[in-house]
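*Asks:* Dropping a structure here in structure tokens format, bear with me for questions.
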Amino acid sequence: MIGLGTIGTGVVKIIQQNQALFRERLGLDLCLKKIVDLDLEKERGVDLSSISLSNNISEILNDQEIKIVVELIGGYEPARSYILTSLRAGKHLVTANKALLAKCWEEITETAKEFKVGVYFEASVGGGIPLILSLTKGLVGNQISLISGILNGTCNYILSQMTYEKKSFPEALATAQKKGYAEANPFLDINGTDTAHKLTIISSLSFGQNITLDDIYVEGITQITLEDCLYAQEEFGCLIKLLAIGKIANNKIELRVHPTLISKEHLLSQVNGVYNAVYIAGDNVGDLLFYGKGAGQLPTASAVVSDIVALASQINHQGINFKEFLPPREKKREILPVDDLFLKYYIRFTTVDRPGVLAKIAGILGNNNISVASVVQKESLEKDLVHVVMLTHQALERDVRKAITEINLLEIIKERSVLIRVGEME
């Protein structure tokens, strides 16, 4: 194992606690032979006396007895180099590194095929939720048409705090950091990048073609305010969630990560705190919801161990089935540009409090083919300012963006307008 941080320590715990269970179910023993980590002195609360510890990666890469390498250091480098060297040495790989998989999928999988070794990555998406296994095995008899999921526990916790505890974004983020649900530098979480990494992986598996980060429209939650959470809930019966959405429509694929208004009645609206959930629609199985802890030591370590066990069983019995863990990812369908989205929208304008404001805004929307389904005017905290909140009928994204750009130039607009897409409730 490369890396003995929080998840690595959890892997050690589970393997040590369940040796008898693995022996009973698999007819073999799992031996954690070597661990490489930069810090060998830190107390981790597990018995490491039977495991060789080192800070020299070559002791793993050059050990011919080791059949499986588990990479848990994350990031691009040196993880990429270690992984590729392991594969070229004929070692099977288990990894939780969603960022590296999203960026270097083709390089890693082609190397694995060349050297006839396996790559397993259940822990890369959804923590302890068996999502990858379900997509590659359980749902193999289905054409997946929709993925809609909450895939970042940090963002979901922040939005839950804003919705139910009435905290501002900075207050909710600070609480998440205090409880250990957010990193000291939470940028990759709150700007949507972490969610996009995960969508890259599961949409590639679901839609059978090579999806890259460049294919995904990404927008984080930093522009969401407490007022938006309250207006969504109180005026429109909705909650705001950061969703990862992959959808096939008219033989094109929509791929997007952004805050979304969803009805309180939708299953995903019930997913709060640090939990993750993924809603999947298949042509034969219908609608499914996968729900569970999307992060944390033992849930994520559980997914890592499941991959180790699956690989060990295959090695011991029938060898590796390459098509099982490396489904085809060749480009087939066109990616729909974000400008071509046809959705409903929540828009909040901060304006001066005077007659004629609503007419000016509505006029520009109408000139851009956007009709308003509902409008609410709310008093702002600042004197002589009001919030005008609108819910539109379906409109083209490019028309909505153009209209908001024009409206933001009006002298009556005093803050940048907020745009949030409204979820389609398939």
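Letters for chains follow the order of the structure tokens (A, B, ...), residue numbers begin at 1 for each chain, and ligand numbers begin at 1 in the order shown.
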Among range 145-342 of chain A, which residues does DSSP mark as alpha helix (DSSP H) when it is run on the backbone? Keep the chain and numbering as in the structure and answer as number ranges by chain.
*Replies:* A: 153-164, 169-178, 187-190, 193-207, 226-236, 297-317, 322-325
*Asks:* Could you check which of A:Leu48, A:Leu173, A:Ala395, A:Leu159 is closest to Val422 in chain A, using only C-alpha atoms?
*Replies:* A:Ala395
*Asks:* Name the residues in contact with range 404-406 of chain A at a cut-off of 12 Å, using only C-alpha atoms, excluding same-chain residues fewer than 3 positions from it; report them as a VMD selection string.
*Replies:* chain A and resid 345 to 349 360 to 368 370 397 to 401 409 to 413 415 to 419
*Asks:* Of the residues A:Lys179, A:His197, A:Lys166, A:Lys332, which is the one nearest to Ala99 in chain A, using only C-alpha atoms?
*Replies:*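 With only C-alpha atoms as the atom set, the closest residue is A:His197.
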*Asks:* Set the distance at 9 Å and use only C-alpha atoms: which residues neighbour Val305 in chain A once local chain neighbours fewer than 2 positions away are removed? I'd like the list as a count of residues only.
*Replies:* 12
*Asks:* Using only C-alpha atoms, which protein or nucleic acid residues come within 6 Å of range 272-277 of chain A? Drop anything in the same chain fewer than 2 positions from it, and give the result as a ChimeraX atom specification.
*Replies:* /A:149-151,153,156-157,160,290-294
*Asks:* Store the residues picked out above in a file with C-alpha atoms, as a CSV table (one decimal), in the first residue's frame.
*Replies:*
chain,number,residue,atom,x,y,z
A,149,GLY,CA,-26.2,12.9,-8.1
A,150,ILE,CA,-24.9,14.6,-4.9
A,151,LEU,CA,-21.3,13.6,-5.0
A,153,GLY,CA,-20.2,15.7,1.1
A,156,ASN,CA,-23.9,19.1,0.6
A,157,TYR,CA,-23.1,19.8,4.3
A,160,SER,CA,-27.7,21.8,4.4
A,290,PHE,CA,-27.8,4.8,-4.4
A,291,TYR,CA,-27.4,6.4,-1.0
A,292,GLY,CA,-24.7,6.4,1.7
A,293,LYS,CA,-21.7,8.0,3.3
A,294,GLY,CA,-19.6,9.6,0.6
*Asks:* Kindly give the distance, in Å, that separates CA of Gly246 in chain A and CA of Ala176 in chain A, rounded to a single decimal.
*Replies:*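 Value for the CA of Gly246 in chain A-CA of Ala176 in chain A distance: 27.6 Å.
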